[in-house]
>>> print(open('work.pdb').read())   # PDB, C-alpha atoms
ATOM      1  CA  LEU A 157     -60.473  42.443-105.957  1.00  0.00           C
ATOM      2  CA  ASN A 158     -60.308  44.732-102.919  1.00  0.00           C
ATOM      3  CA  ARG A 159     -61.504  47.744-104.964  1.00  0.00           C
ATOM      4  CA  MET A 160     -58.271  49.618-104.247  1.00  0.00           C
ATOM      5  CA  ASP A 161     -56.847  50.134-107.691  1.00  0.00           C
ATOM      6  CA  ARG A 162     -55.434  53.206-109.439  1.00  0.00           C
ATOM      7  CA  PHE A 163     -58.785  53.950-111.017  1.00  0.00           C
ATOM      8  CA  GLN A 164     -60.743  53.765-107.771  1.00  0.00           C
ATOM      9  CA  LEU A 165     -58.202  55.961-106.005  1.00  0.00           C
ATOM     10  CA  ALA A 166     -58.663  58.665-108.654  1.00  0.00           C
ATOM     11  CA  ILE A 167     -62.455  58.316-108.440  1.00  0.00           C
ATOM     12  CA  ASP A 168     -62.332  58.622-104.647  1.00  0.00           C
ATOM     13  CA  VAL A 169     -60.295  61.821-104.852  1.00  0.00           C
ATOM     14  CA  ILE A 170     -62.742  63.357-107.327  1.00  0.00           C
ATOM     15  CA  ASP A 171     -65.673  62.345-105.128  1.00  0.00           C
ATOM     16  CA  ARG A 172     -64.147  63.672-101.897  1.00  0.00           C
ATOM     17  CA  VAL A 173     -62.409  66.928-102.822  1.00  0.00           C
ATOM     18  CA  PRO A 174     -64.989  69.710-102.578  1.00  0.00           C
ATOM     19  CA  GLY A 175     -65.823  71.192-105.976  1.00  0.00           C
ATOM     20  CA  LEU A 176     -63.672  68.762-107.937  1.00  0.00           C
ATOM     21  CA  LEU A 177     -66.554  66.764-109.374  1.00  0.00           C
ATOM     22  CA  ALA A 178     -67.824  69.898-111.138  1.00  0.00           C
ATOM     23  CA  THR A 179     -64.549  70.230-113.050  1.00  0.00           C
ATOM     24  CA  ALA A 180     -63.429  66.600-113.253  1.00  0.00           C
ATOM     25  CA  GLY A 181     -66.669  64.768-113.991  1.00  0.00           C
ATOM     26  CA  ALA A 182     -65.397  63.631-117.394  1.00  0.00           C
ATOM     27  CA  VAL A 183     -62.184  62.304-115.837  1.00  0.00           C
ATOM     28  CA  ARG A 184     -64.232  60.414-113.254  1.00  0.00           C
ATOM     29  CA  GLN A 185     -66.311  58.839-116.036  1.00  0.00           C
ATOM     30  CA  ARG A 186     -63.150  57.835-117.946  1.00  0.00           C
ATOM     31  CA  MET A 187     -61.717  56.261-114.775  1.00  0.00           C
ATOM     32  CA  THR A 188     -64.956  54.323-114.216  1.00  0.00           C
ATOM     33  CA  GLU A 189     -64.922  53.065-117.813  1.00  0.00           C
ATOM     34  CA  SER A 190     -61.199  52.233-117.671  1.00  0.00           C
ATOM     35  CA  ARG A 191     -61.689  50.350-114.414  1.00  0.00           C
ATOM     36  CA  GLU A 192     -64.426  48.200-115.912  1.00  0.00           C
ATOM     37  CA  ARG A 193     -62.430  47.553-119.098  1.00  0.00           C
ATOM     38  CA  HIS A 194     -59.435  46.542-116.978  1.00  0.00           C
ATOM     39  CA  ARG A 195     -61.546  44.220-114.805  1.00  0.00           C
ATOM     40  CA  ARG A 196     -62.944  42.475-117.892  1.00  0.00           C
ATOM     41  CA  TRP A 197     -59.425  42.048-119.356  1.00  0.00           C
ATOM     42  CA  ILE A 198     -58.053  40.584-116.122  1.00  0.00           C
ATOM     43  CA  ARG A 199     -60.917  38.092-115.870  1.00  0.00           C
ATOM     44  CA  GLU A 200     -60.352  36.963-119.444  1.00  0.00           C
ATOM     45  CA  HIS A 201     -56.530  37.001-119.579  1.00  0.00           C
ATOM     46  CA  GLY A 202     -55.459  36.654-115.942  1.00  0.00           C
ATOM     47  CA  GLU A 203     -53.101  39.649-116.065  1.00  0.00           C
ATOM     48  CA  ASP A 204     -53.129  43.444-116.342  1.00  0.00           C
ATOM     49  CA  LEU A 205     -53.817  45.203-119.608  1.00  0.00           C
ATOM     50  CA  PRO A 206     -50.641  45.554-121.702  1.00  0.00           C
ATOM     51  CA  GLU A 207     -50.622  49.358-121.254  1.00  0.00           C
ATOM     52  CA  ILE A 208     -50.608  48.853-117.481  1.00  0.00           C
ATOM     53  CA  ARG A 209     -48.260  45.867-117.428  1.00  0.00           C
ATOM     54  CA  HIS A 210     -45.622  47.597-119.556  1.00  0.00           C
ATOM     55  CA  TRP A 211     -45.982  51.082-118.066  1.00  0.00           C
ATOM     56  CA  ALA A 212     -42.888  52.731-116.577  1.00  0.00           C
ATOM     57  CA  TRP A 213     -42.176  56.056-114.922  1.00  0.00           C
ATOM     58  CA  GLU A 214     -40.943  58.613-117.394  1.00  0.00           C
ATOM     59  CA  SER A 215     -37.954  60.519-116.120  1.00  0.00           C
ATOM     60  CA  ALA A 216     -37.191  64.167-116.840  1.00  0.00           C
ATOM     61  CA  THR A 217     -34.815  62.956-119.583  1.00  0.00           C
ATOM     62  CA  GLY A 218     -37.634  61.038-121.316  1.00  0.00           C
ATOM     63  CA  ASP A 219     -36.009  57.636-120.888  1.00  0.00           C
ATOM     64  CA  HIS A 220     -39.189  56.090-119.410  1.00  0.00           C
ATOM     65  CA  GLY A 221     -37.305  54.878-116.350  1.00  0.00           C
ATOM     66  CA  ARG A 222     -35.150  52.493-118.328  1.00  0.00           C
ATOM     67  CA  PRO A 223     -31.433  52.145-117.505  1.00  0.00           C
TER      68      PRO A 223
END
>>> encode(input="work.pdb", output="structure tokens")
Amino acid sequence: LNRMDRFQLAIDVIDRVPGLLATAGAVRQRMTESRERHRRWIREHGEDLPEIRHWAWESATGDHGRP
């Protein structure tokens, strides 16, 4: 709701780093589309998308951060 999500942070970086928009325009568009898709899902289901909700850091060993 405060417009400070992972998608907006990536968009802000692309917008603010000189020259990055020229090489990362497609990434910015994907982030914009992902942000909107996520917002619609949250409004309908009241929780994050499953791929966000179940995401975990992947360690160097490939264990996805699981013990």
>>> resolve_selection(input="work.pdb", expression="the PyMOL selection byres ((chain A and resi 182-186) around 10)", output="list in words")
Phe163, Gln164, Ala166, Ile167, Asp168, Val169, Ile170, Asp171, Leu176, Leu177, Ala178, Thr179, Ala180, Gly181, Met187, Thr188, Glu189, Ser190, Arg191 and Glu192 of chain A
>>> atom_distance(input="work.pdb", atom1="CA of Trp197 in chain A", atom2="CA of Asn158 in chain A")
16.7 Å
>>> atom_distance(input="work.pdb", atom1="CA of Arg159 in chain A", atom2="CA of Ile198 in chain A")
13.7 Å
>>> decode(input="work.pdb", residues="range 189-210 of chain A", atoms="N, CA, C and O atoms", output="PDB file, in the first residue's frame")
ATOM      1  N   GLU A 189       4.645  -4.863 -14.819  1.00  0.00           N
ATOM      2  CA  GLU A 189       3.584  -5.857 -15.035  1.00  0.00           C
ATOM      3  C   GLU A 189       3.458  -6.803 -13.845  1.00  0.00           C
ATOM      4  O   GLU A 189       2.337  -7.135 -13.425  1.00  0.00           O
ATOM      5  N   SER A 190       4.576  -7.229 -13.286  1.00  0.00           N
ATOM      6  CA  SER A 190       4.552  -8.123 -12.120  1.00  0.00           C
ATOM      7  C   SER A 190       3.925  -7.431 -10.923  1.00  0.00           C
ATOM      8  O   SER A 190       3.157  -8.036 -10.160  1.00  0.00           O
ATOM      9  N   ARG A 191       4.250  -6.167 -10.754  1.00  0.00           N
ATOM     10  CA  ARG A 191       3.695  -5.386  -9.636  1.00  0.00           C
ATOM     11  C   ARG A 191       2.172  -5.315  -9.734  1.00  0.00           C
ATOM     12  O   ARG A 191       1.459  -5.522  -8.750  1.00  0.00           O
ATOM     13  N   GLU A 192       1.683  -5.047 -10.918  1.00  0.00           N
ATOM     14  CA  GLU A 192       0.229  -4.953 -11.104  1.00  0.00           C
ATOM     15  C   GLU A 192      -0.436  -6.312 -10.898  1.00  0.00           C
ATOM     16  O   GLU A 192      -1.487  -6.402 -10.262  1.00  0.00           O
ATOM     17  N   ARG A 193       0.173  -7.368 -11.439  1.00  0.00           N
ATOM     18  CA  ARG A 193      -0.382  -8.716 -11.249  1.00  0.00           C
ATOM     19  C   ARG A 193      -0.418  -9.063  -9.764  1.00  0.00           C
ATOM     20  O   ARG A 193      -1.410  -9.606  -9.245  1.00  0.00           O
ATOM     21  N   HIS A 194       0.633  -8.724  -9.032  1.00  0.00           N
ATOM     22  CA  HIS A 194       0.696  -8.998  -7.609  1.00  0.00           C
ATOM     23  C   HIS A 194      -0.371  -8.207  -6.847  1.00  0.00           C
ATOM     24  O   HIS A 194      -1.055  -8.740  -5.975  1.00  0.00           O
ATOM     25  N   ARG A 195      -0.529  -6.937  -7.193  1.00  0.00           N
ATOM     26  CA  ARG A 195      -1.563  -6.112  -6.542  1.00  0.00           C
ATOM     27  C   ARG A 195      -2.962  -6.691  -6.740  1.00  0.00           C
ATOM     28  O   ARG A 195      -3.757  -6.746  -5.807  1.00  0.00           O
ATOM     29  N   ARG A 196      -3.242  -7.130  -7.981  1.00  0.00           N
ATOM     30  CA  ARG A 196      -4.565  -7.731  -8.243  1.00  0.00           C
ATOM     31  C   ARG A 196      -4.758  -8.996  -7.420  1.00  0.00           C
ATOM     32  O   ARG A 196      -5.838  -9.225  -6.855  1.00  0.00           O
ATOM     33  N   TRP A 197      -3.741  -9.848  -7.326  1.00  0.00           N
ATOM     34  CA  TRP A 197      -3.816 -11.097  -6.565  1.00  0.00           C
ATOM     35  C   TRP A 197      -4.086 -10.795  -5.090  1.00  0.00           C
ATOM     36  O   TRP A 197      -4.960 -11.419  -4.479  1.00  0.00           O
ATOM     37  N   ILE A 198      -3.340  -9.858  -4.534  1.00  0.00           N
ATOM     38  CA  ILE A 198      -3.507  -9.520  -3.114  1.00  0.00           C
ATOM     39  C   ILE A 198      -4.918  -9.024  -2.843  1.00  0.00           C
ATOM     40  O   ILE A 198      -5.542  -9.412  -1.855  1.00  0.00           O
ATOM     41  N   ARG A 199      -5.438  -8.177  -3.715  1.00  0.00           N
ATOM     42  CA  ARG A 199      -6.805  -7.666  -3.512  1.00  0.00           C
ATOM     43  C   ARG A 199      -7.845  -8.774  -3.567  1.00  0.00           C
ATOM     44  O   ARG A 199      -8.832  -8.747  -2.846  1.00  0.00           O
ATOM     45  N   GLU A 200      -7.609  -9.762  -4.410  1.00  0.00           N
ATOM     46  CA  GLU A 200      -8.567 -10.860  -4.541  1.00  0.00           C
ATOM     47  C   GLU A 200      -8.407 -11.910  -3.449  1.00  0.00           C
ATOM     48  O   GLU A 200      -9.393 -12.435  -2.928  1.00  0.00           O
ATOM     49  N   HIS A 201      -7.165 -12.239  -3.075  1.00  0.00           N
ATOM     50  CA  HIS A 201      -6.899 -13.356  -2.173  1.00  0.00           C
ATOM     51  C   HIS A 201      -6.444 -12.949  -0.777  1.00  0.00           C
ATOM     52  O   HIS A 201      -6.400 -13.792   0.124  1.00  0.00           O
ATOM     53  N   GLY A 202      -6.055 -11.693  -0.607  1.00  0.00           N
ATOM     54  CA  GLY A 202      -5.655 -11.219   0.721  1.00  0.00           C
ATOM     55  C   GLY A 202      -4.285 -11.683   1.175  1.00  0.00           C
ATOM     56  O   GLY A 202      -3.958 -11.589   2.358  1.00  0.00           O
ATOM     57  N   GLU A 203      -3.469 -12.194   0.263  1.00  0.00           N
ATOM     58  CA  GLU A 203      -2.113 -12.629   0.600  1.00  0.00           C
ATOM     59  C   GLU A 203      -1.238 -12.547  -0.653  1.00  0.00           C
ATOM     60  O   GLU A 203      -1.738 -12.403  -1.756  1.00  0.00           O
ATOM     61  N   ASP A 204       0.084 -12.669  -0.444  1.00  0.00           N
ATOM     62  CA  ASP A 204       1.016 -12.622  -1.564  1.00  0.00           C
ATOM     63  C   ASP A 204       0.778 -13.765  -2.538  1.00  0.00           C
ATOM     64  O   ASP A 204       0.234 -14.805  -2.174  1.00  0.00           O
ATOM     65  N   LEU A 205       1.248 -13.559  -3.759  1.00  0.00           N
ATOM     66  CA  LEU A 205       1.248 -14.635  -4.747  1.00  0.00           C
ATOM     67  C   LEU A 205       2.006 -15.832  -4.189  1.00  0.00           C
ATOM     68  O   LEU A 205       2.963 -15.664  -3.434  1.00  0.00           O
ATOM     69  N   PRO A 206       1.617 -17.058  -4.560  1.00  0.00           N
ATOM     70  CA  PRO A 206       2.323 -18.234  -4.048  1.00  0.00           C
ATOM     71  C   PRO A 206       3.831 -18.198  -4.320  1.00  0.00           C
ATOM     72  O   PRO A 206       4.624 -18.577  -3.455  1.00  0.00           O
ATOM     73  N   GLU A 207       4.254 -17.719  -5.500  1.00  0.00           N
ATOM     74  CA  GLU A 207       5.693 -17.691  -5.784  1.00  0.00           C
ATOM     75  C   GLU A 207       6.447 -16.711  -4.895  1.00  0.00           C
ATOM     76  O   GLU A 207       7.641 -16.865  -4.667  1.00  0.00           O
ATOM     77  N   ILE A 208       5.766 -15.730  -4.359  1.00  0.00           N
ATOM     78  CA  ILE A 208       6.380 -14.793  -3.413  1.00  0.00           C
ATOM     79  C   ILE A 208       6.288 -15.370  -1.999  1.00  0.00           C
ATOM     80  O   ILE A 208       7.261 -15.383  -1.247  1.00  0.00           O
ATOM     81  N   ARG A 209       5.129 -15.865  -1.644  1.00  0.00           N
ATOM     82  CA  ARG A 209       4.889 -16.385  -0.303  1.00  0.00           C
ATOM     83  C   ARG A 209       5.800 -17.557   0.038  1.00  0.00           C
ATOM     84  O   ARG A 209       6.266 -17.690   1.162  1.00  0.00           O
ATOM     85  N   HIS A 210       6.091 -18.394  -0.947  1.00  0.00           N
ATOM     86  CA  HIS A 210       6.889 -19.598  -0.694  1.00  0.00           C
ATOM     87  C   HIS A 210       8.350 -19.450  -1.104  1.00  0.00           C
ATOM     88  O   HIS A 210       9.096 -20.419  -1.054  1.00  0.00           O
TER      89      HIS A 210
END
